[in-house]
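This report concerns only the one structure given below.
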Amino acid sequence: MIFLKTEEEIQGMKLAGDLLAKTHLALKKIIKPGITTLELDDFVEAFLKKHGATPEQKGYMGFPFAICASVNDEICHGFPNKKPLKDGDLLTVDMVVNLNGYLADSAWSYGVGHISPEHQKLYDVTKKALYLGIEQAKPGNRLGDIGHAIQSYVESQGFSVVRDFVGHGIGKDMHEDPQIPHYGKPGRGQRLVENMVITIEPMVNTGDWRCTIDENGWVARTVDGGWSCQFEHTMAITKDGAFVLTEQTPFEEEEEHV
């Protein structure tokens, strides 16, 4: 069942999204060769606590961390650990913030130090794919319009779109209907209507789109050792299109003027 959100709920989720955006910007300042993803996990949990929020995914179905930290061939749900990041790594940090009972979800990728031209292209294509999907998130369009915009662009650039993990509705629960595939045909699937709140979160691989799951039952990796990248926003569907609740740009501009 799809739950449409009230204006009050959307505004509450926007505040959670603002904090999530600021958390990512704070992470960006400290991600560098030598730091561990476990240190990043500790940083995020402390940062959220300082701002009156909690990491919603910690404890979700037994997941033990505040963030998912996926490196290089890890597609998603990476476990933070004590291994130092090295120059050239590609890291995705995914998190869900709970602020006063309102949730927001966003993943962002980071090049550690200096990444290769191939992986910079992967980064750039994945980020652009997210925003191409967001352009299709408007009333009257269908989920297939989002998926087609992402898939057609990604594949035109020589990469592949992961099928095993999708975007989703979000509200009182982290995962609600509908599921949002990042592939598909235009004009197919659930029609988008005002006051839906969804995530779009394409995961893009340098090679095969398929994955394997580690023995811990969580960490997804590419089947061929290729690298993967992900970007994700939470957004509300309004009469004017997608209202992104986790956008970082306004806060980047604030910092520039400090």
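Order determines the names: the first chain of the structure tokens is A, the second B, and so forth; residues in each chain are numbered 1 upward, and ligands are numbered 1 upward as they are shown.
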
Residues near Thr126 of chain A, cut-off 10 Å, only C-alpha atoms, skip fewer than 3 positions along chain, as a ChimeraX atom specification
/A:109,120-123,129-132,150,153-154,159,161,201-205,228-232

Determine which residues of segment 188-221 of chain A receive a DSSP assignment of strand (DSSP E or B), computed from the backbone, and state them as a list in words.
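Written out, the strand (DSSP E or B) residues of segment 188-221 of chain A are Arg191, Val197, Ile198, Thr199, Ile200, Met203, Val204, Asn205, Cys211, Thr212, Ile213, Ala220 and Arg221 of chain A.
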
Would you list the contacts of Gly167 of chain A as a short mmCIF file (atom, residue, chain, number, x, y, z; two decimals) with C-alpha atoms, in the first residue's frame, taking every protein, DNA or RNA residue within 8 Å and counting only C-alpha atoms, but skipping same-chain residues closer than 3 positions in sequence?
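Writing the result to around.cif gives the following:
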```
data_model
loop_
_atom_site.label_atom_id
_atom_site.label_comp_id
_atom_site.auth_asym_id
_atom_site.auth_seq_id
_atom_site.Cartn_x
_atom_site.Cartn_y
_atom_site.Cartn_z
CA GLN A 179 9.54 -0.14 -5.29
CA ILE A 180 11.46 2.09 -7.74
CA PRO A 181 13.53 0.11 -10.29
CA HIS A 182 16.37 1.94 -11.99
CA ILE A 198 10.18 8.10 -2.63
CA THR A 199 13.88 7.45 -2.99
CA ILE A 200 15.76 7.16 -6.27
CA GLU A 201 19.13 5.48 -5.77
CA PRO A 202 20.82 4.07 -8.87
#
```

Excluding Ile75 of chain A and its own-chain neighbours fewer than 4 positions away, which residues fall within 10 Å of it when counting only C-alpha atoms? Please give them as number ranges by chain.
A: 69-71, 91-92, 162, 165, 203-205, 209-213, 219-222, 226-230

Can you write just those residues out, N, CA and C atoms, as a PDB file, in the first residue's frame?
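Output file selection-v7.pdb is given in full below:
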```pdb
ATOM      1  N   ALA A  69      28.804   1.412   4.469  1.00  0.00           N
ATOM      2  CA  ALA A  69      30.030   1.954   3.877  1.00  0.00           C
ATOM      3  C   ALA A  69      30.549   0.939   2.864  1.00  0.00           C
ATOM      4  N   SER A  70      30.304   1.211   1.590  1.00  0.00           N
ATOM      5  CA  SER A  70      30.610   0.254   0.525  1.00  0.00           C
ATOM      6  C   SER A  70      31.785   0.769  -0.294  1.00  0.00           C
ATOM      7  N   VAL A  71      32.819  -0.064  -0.431  1.00  0.00           N
ATOM      8  CA  VAL A  71      34.076   0.358  -1.051  1.00  0.00           C
ATOM      9  C   VAL A  71      34.351  -0.464  -2.318  1.00  0.00           C
ATOM     10  N   LEU A  91      34.222   5.192  -2.348  1.00  0.00           N
ATOM     11  CA  LEU A  91      33.416   4.871  -1.173  1.00  0.00           C
ATOM     12  C   LEU A  91      32.007   5.413  -1.336  1.00  0.00           C
ATOM     13  N   THR A  92      31.008   4.575  -1.022  1.00  0.00           N
ATOM     14  CA  THR A  92      29.627   5.038  -0.927  1.00  0.00           C
ATOM     15  C   THR A  92      29.171   4.938   0.518  1.00  0.00           C
ATOM     16  N   VAL A 162      22.396  -1.905 -11.649  1.00  0.00           N
ATOM     17  CA  VAL A 162      22.058  -3.014 -10.753  1.00  0.00           C
ATOM     18  C   VAL A 162      20.547  -3.210 -10.713  1.00  0.00           C
ATOM     19  N   PHE A 165      18.658  -4.294  -6.383  1.00  0.00           N
ATOM     20  CA  PHE A 165      18.302  -3.328  -5.346  1.00  0.00           C
ATOM     21  C   PHE A 165      17.646  -2.128  -6.013  1.00  0.00           C
ATOM     22  N   MET A 203      22.418   2.298  -8.563  1.00  0.00           N
ATOM     23  CA  MET A 203      23.722   1.686  -8.328  1.00  0.00           C
ATOM     24  C   MET A 203      24.250   1.258  -9.686  1.00  0.00           C
ATOM     25  N   VAL A 204      25.428   1.709 -10.026  1.00  0.00           N
ATOM     26  CA  VAL A 204      25.972   1.530 -11.370  1.00  0.00           C
ATOM     27  C   VAL A 204      27.319   0.819 -11.284  1.00  0.00           C
ATOM     28  N   ASN A 205      27.497  -0.172 -12.145  1.00  0.00           N
ATOM     29  CA  ASN A 205      28.717  -0.982 -12.136  1.00  0.00           C
ATOM     30  C   ASN A 205      29.545  -0.755 -13.394  1.00  0.00           C
ATOM     31  N   TRP A 209      26.049  -6.284 -14.147  1.00  0.00           N
ATOM     32  CA  TRP A 209      25.142  -5.683 -13.146  1.00  0.00           C
ATOM     33  C   TRP A 209      24.819  -6.619 -11.999  1.00  0.00           C
ATOM     34  N   ARG A 210      25.105  -7.901 -12.149  1.00  0.00           N
ATOM     35  CA  ARG A 210      24.703  -8.871 -11.127  1.00  0.00           C
ATOM     36  C   ARG A 210      25.597  -8.790  -9.884  1.00  0.00           C
ATOM     37  N   CYS A 211      25.100  -9.387  -8.797  1.00  0.00           N
ATOM     38  CA  CYS A 211      25.835  -9.301  -7.526  1.00  0.00           C
ATOM     39  C   CYS A 211      25.899 -10.638  -6.823  1.00  0.00           C
ATOM     40  N   THR A 212      26.798 -10.718  -5.850  1.00  0.00           N
ATOM     41  CA  THR A 212      26.848 -11.811  -4.885  1.00  0.00           C
ATOM     42  C   THR A 212      26.691 -11.200  -3.498  1.00  0.00           C
ATOM     43  N   ILE A 213      26.289 -11.999  -2.534  1.00  0.00           N
ATOM     44  CA  ILE A 213      26.112 -11.538  -1.155  1.00  0.00           C
ATOM     45  C   ILE A 213      27.112 -12.236  -0.254  1.00  0.00           C
ATOM     46  N   VAL A 219      26.392  -7.683   2.769  1.00  0.00           N
ATOM     47  CA  VAL A 219      27.232  -6.947   1.820  1.00  0.00           C
ATOM     48  C   VAL A 219      27.080  -7.523   0.410  1.00  0.00           C
ATOM     49  N   ALA A 220      26.648  -6.665  -0.524  1.00  0.00           N
ATOM     50  CA  ALA A 220      26.499  -7.061  -1.921  1.00  0.00           C
ATOM     51  C   ALA A 220      27.723  -6.603  -2.708  1.00  0.00           C
ATOM     52  N   ARG A 221      28.268  -7.512  -3.527  1.00  0.00           N
ATOM     53  CA  ARG A 221      29.445  -7.219  -4.348  1.00  0.00           C
ATOM     54  C   ARG A 221      29.157  -7.547  -5.812  1.00  0.00           C
ATOM     55  N   THR A 222      29.924  -6.930  -6.695  1.00  0.00           N
ATOM     56  CA  THR A 222      29.807  -7.270  -8.113  1.00  0.00           C
ATOM     57  C   THR A 222      30.311  -8.692  -8.333  1.00  0.00           C
ATOM     58  N   GLY A 226      34.240  -5.857 -10.742  1.00  0.00           N
ATOM     59  CA  GLY A 226      34.150  -4.479 -11.195  1.00  0.00           C
ATOM     60  C   GLY A 226      33.746  -3.560 -10.059  1.00  0.00           C
ATOM     61  N   TRP A 227      33.943  -2.276 -10.251  1.00  0.00           N
ATOM     62  CA  TRP A 227      33.603  -1.318  -9.200  1.00  0.00           C
ATOM     63  C   TRP A 227      32.179  -0.819  -9.357  1.00  0.00           C
ATOM     64  N   SER A 228      31.645  -0.319  -8.251  1.00  0.00           N
ATOM     65  CA  SER A 228      30.258   0.136  -8.222  1.00  0.00           C
ATOM     66  C   SER A 228      30.173   1.505  -7.559  1.00  0.00           C
ATOM     67  N   CYS A 229      29.144   2.252  -7.924  1.00  0.00           N
ATOM     68  CA  CYS A 229      28.940   3.598  -7.392  1.00  0.00           C
ATOM     69  C   CYS A 229      27.445   3.818  -7.186  1.00  0.00           C
ATOM     70  N   GLN A 230      27.088   4.646  -6.222  1.00  0.00           N
ATOM     71  CA  GLN A 230      25.673   4.918  -5.941  1.00  0.00           C
ATOM     72  C   GLN A 230      25.476   6.353  -5.466  1.00  0.00           C
TER      73      GLN A 230
END
```

Need to verify the contact set: segment 34-43 of chain A, 7 Å, only C-alpha atoms, exclusion of same-chain residues closer than 5 positions in sequence. Can you return it as a PyMOL selection string?
chain A and resi 65-67+69+80-86

Hey, can you spit out that residue selection with C-alpha atoms as a PDB file, in the first residue's frame?
```pdb
ATOM      1  CA  PHE A  65      25.983   0.059  12.115  1.00  0.00           C
ATOM      2  CA  ALA A  66      24.867   3.674  11.693  1.00  0.00           C
ATOM      3  CA  ILE A  67      25.954   3.762   8.047  1.00  0.00           C
ATOM      4  CA  ALA A  69      30.030   1.954   3.877  1.00  0.00           C
ATOM      5  CA  PRO A  80      32.208  -0.382   8.359  1.00  0.00           C
ATOM      6  CA  ASN A  81      35.542  -1.866   9.427  1.00  0.00           C
ATOM      7  CA  LYS A  82      39.052  -1.052  10.660  1.00  0.00           C
ATOM      8  CA  LYS A  83      40.750  -1.246   7.254  1.00  0.00           C
ATOM      9  CA  PRO A  84      42.171   2.181   6.335  1.00  0.00           C
ATOM     10  CA  LEU A  85      40.883   3.704   3.110  1.00  0.00           C
ATOM     11  CA  LYS A  86      43.590   4.154   0.505  1.00  0.00           C
TER      12      LYS A  86
END
```

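Between atom CA of Val44 of chain A and atom CA of Lys28 of chain A the interatomic distance comes to 11.6 Å.
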
Do you know which residues are at most 9 Å from Gly101 of chain A counting only C-alpha atoms, after dropping those on the same chain fewer than 3 positions away, and could you put them as a ChimeraX atom specification?
/A:12-13,53,98,172

Mind checking which residues fall within 10 Å of Glu194 of chain A, counting only C-alpha atoms, ignoring those fewer than 3 positions away in the same chain, and posting them as a PyMOL selection string?
chain A and resi 4-5+138-140+197+236-242

Looking only at helix (DSSP H, G or I) from DSSP on the backbone, list the matching residues of segment 1-241 of chain A as JSON, numbers by chain.
{"A": [7, 8, 9, 10, 11, 12, 13, 14, 15, 16, 17, 18, 19, 20, 21, 22, 23, 24, 25, 26, 27, 28, 29, 30, 37, 38, 39, 40, 41, 42, 43, 44, 45, 46, 47, 48, 49, 50, 60, 61, 62, 117, 118, 119, 120, 121, 122, 123, 124, 125, 126, 127, 128, 129, 130, 131, 132, 133, 134, 135, 143, 144, 145, 146, 147, 148, 149, 150, 151, 152, 153, 154, 155, 156]}

Export of the given selection (C-alpha atoms) as a PDB file, in the first residue's frame:
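Below you can see out16.pdb, which holds the result:
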```pdb
ATOM      1  CA  GLU A   7       2.287  18.678   4.231  1.00  0.00           C
ATOM      2  CA  GLU A   8       3.277  18.393   7.892  1.00  0.00           C
ATOM      3  CA  GLU A   9       4.894  15.005   7.286  1.00  0.00           C
ATOM      4  CA  ILE A  10       6.774  16.272   4.242  1.00  0.00           C
ATOM      5  CA  GLN A  11       8.100  19.242   6.198  1.00  0.00           C
ATOM      6  CA  GLY A  12       9.205  16.935   9.016  1.00  0.00           C
ATOM      7  CA  MET A  13      10.999  14.729   6.512  1.00  0.00           C
ATOM      8  CA  LYS A  14      12.581  17.840   4.968  1.00  0.00           C
ATOM      9  CA  LEU A  15      14.135  18.732   8.336  1.00  0.00           C
ATOM     10  CA  ALA A  16      15.485  15.180   8.600  1.00  0.00           C
ATOM     11  CA  GLY A  17      16.748  15.504   5.036  1.00  0.00           C
ATOM     12  CA  ASP A  18      18.489  18.783   5.795  1.00  0.00           C
ATOM     13  CA  LEU A  19      20.351  17.145   8.669  1.00  0.00           C
ATOM     14  CA  LEU A  20      21.251  14.192   6.471  1.00  0.00           C
ATOM     15  CA  ALA A  21      22.636  16.550   3.813  1.00  0.00           C
ATOM     16  CA  LYS A  22      24.719  18.349   6.420  1.00  0.00           C
ATOM     17  CA  THR A  23      26.008  14.988   7.675  1.00  0.00           C
ATOM     18  CA  HIS A  24      27.236  14.085   4.204  1.00  0.00           C
ATOM     19  CA  LEU A  25      28.940  17.463   3.861  1.00  0.00           C
ATOM     20  CA  ALA A  26      30.633  16.937   7.227  1.00  0.00           C
ATOM     21  CA  LEU A  27      31.809  13.493   6.083  1.00  0.00           C
ATOM     22  CA  LYS A  28      33.213  14.956   2.874  1.00  0.00           C
ATOM     23  CA  LYS A  29      35.649  17.029   4.944  1.00  0.00           C
ATOM     24  CA  ILE A  30      37.142  14.049   6.772  1.00  0.00           C
ATOM     25  CA  THR A  37      35.036   3.360   7.658  1.00  0.00           C
ATOM     26  CA  LEU A  38      34.479   2.361  11.284  1.00  0.00           C
ATOM     27  CA  GLU A  39      35.741   5.820  12.281  1.00  0.00           C
ATOM     28  CA  LEU A  40      33.264   7.317   9.811  1.00  0.00           C
ATOM     29  CA  ASP A  41      30.494   5.250  11.381  1.00  0.00           C
ATOM     30  CA  ASP A  42      31.379   6.550  14.856  1.00  0.00           C
ATOM     31  CA  PHE A  43      31.522  10.115  13.503  1.00  0.00           C
ATOM     32  CA  VAL A  44      28.043   9.887  11.970  1.00  0.00           C
ATOM     33  CA  GLU A  45      26.438   8.430  15.070  1.00  0.00           C
ATOM     34  CA  ALA A  46      27.962  11.180  17.244  1.00  0.00           C
ATOM     35  CA  PHE A  47      27.034  13.896  14.718  1.00  0.00           C
ATOM     36  CA  LEU A  48      23.401  12.767  14.610  1.00  0.00           C
ATOM     37  CA  LYS A  49      23.191  12.484  18.398  1.00  0.00           C
ATOM     38  CA  LYS A  50      24.537  16.031  18.746  1.00  0.00           C
ATOM     39  CA  TYR A  60      17.176  -2.713  11.331  1.00  0.00           C
ATOM     40  CA  MET A  61      16.810  -6.470  10.737  1.00  0.00           C
ATOM     41  CA  GLY A  62      19.988  -6.842  12.780  1.00  0.00           C
ATOM     42  CA  PRO A 117      39.778   8.487 -14.867  1.00  0.00           C
ATOM     43  CA  GLU A 118      37.657   5.348 -15.327  1.00  0.00           C
ATOM     44  CA  HIS A 119      36.279   5.564 -11.805  1.00  0.00           C
ATOM     45  CA  GLN A 120      35.792   9.327 -12.077  1.00  0.00           C
ATOM     46  CA  LYS A 121      33.623   8.659 -15.131  1.00  0.00           C
ATOM     47  CA  LEU A 122      31.678   6.026 -13.154  1.00  0.00           C
ATOM     48  CA  TYR A 123      31.153   8.616 -10.399  1.00  0.00           C
ATOM     49  CA  ASP A 124      30.025  11.321 -12.819  1.00  0.00           C
ATOM     50  CA  VAL A 125      27.684   9.056 -14.797  1.00  0.00           C
ATOM     51  CA  THR A 126      26.028   7.667 -11.656  1.00  0.00           C
ATOM     52  CA  LYS A 127      25.420  11.133 -10.217  1.00  0.00           C
ATOM     53  CA  LYS A 128      23.970  12.414 -13.501  1.00  0.00           C
ATOM     54  CA  ALA A 129      21.786   9.296 -13.752  1.00  0.00           C
ATOM     55  CA  LEU A 130      20.251  10.111 -10.362  1.00  0.00           C
ATOM     56  CA  TYR A 131      19.231  13.575 -11.509  1.00  0.00           C
ATOM     57  CA  LEU A 132      17.921  12.295 -14.850  1.00  0.00           C
ATOM     58  CA  GLY A 133      15.687   9.975 -12.842  1.00  0.00           C
ATOM     59  CA  ILE A 134      14.587  12.821 -10.593  1.00  0.00           C
ATOM     60  CA  GLU A 135      13.533  14.847 -13.666  1.00  0.00           C
ATOM     61  CA  LEU A 143       7.918   4.385 -12.527  1.00  0.00           C
ATOM     62  CA  GLY A 144       9.118   3.049 -15.855  1.00  0.00           C
ATOM     63  CA  ASP A 145       9.857   6.605 -16.969  1.00  0.00           C
ATOM     64  CA  ILE A 146      12.314   6.958 -14.075  1.00  0.00           C
ATOM     65  CA  GLY A 147      13.946   3.596 -14.721  1.00  0.00           C
ATOM     66  CA  HIS A 148      14.206   4.126 -18.475  1.00  0.00           C
ATOM     67  CA  ALA A 149      15.844   7.551 -18.099  1.00  0.00           C
ATOM     68  CA  ILE A 150      18.480   6.069 -15.792  1.00  0.00           C
ATOM     69  CA  GLN A 151      19.108   2.819 -17.671  1.00  0.00           C
ATOM     70  CA  SER A 152      19.295   4.314 -21.152  1.00  0.00           C
ATOM     71  CA  TYR A 153      21.825   6.931 -20.071  1.00  0.00           C
ATOM     72  CA  VAL A 154      23.982   4.582 -17.985  1.00  0.00           C
ATOM     73  CA  GLU A 155      24.179   1.935 -20.685  1.00  0.00           C
ATOM     74  CA  SER A 156      24.976   4.561 -23.337  1.00  0.00           C
TER      75      SER A 156
END
```
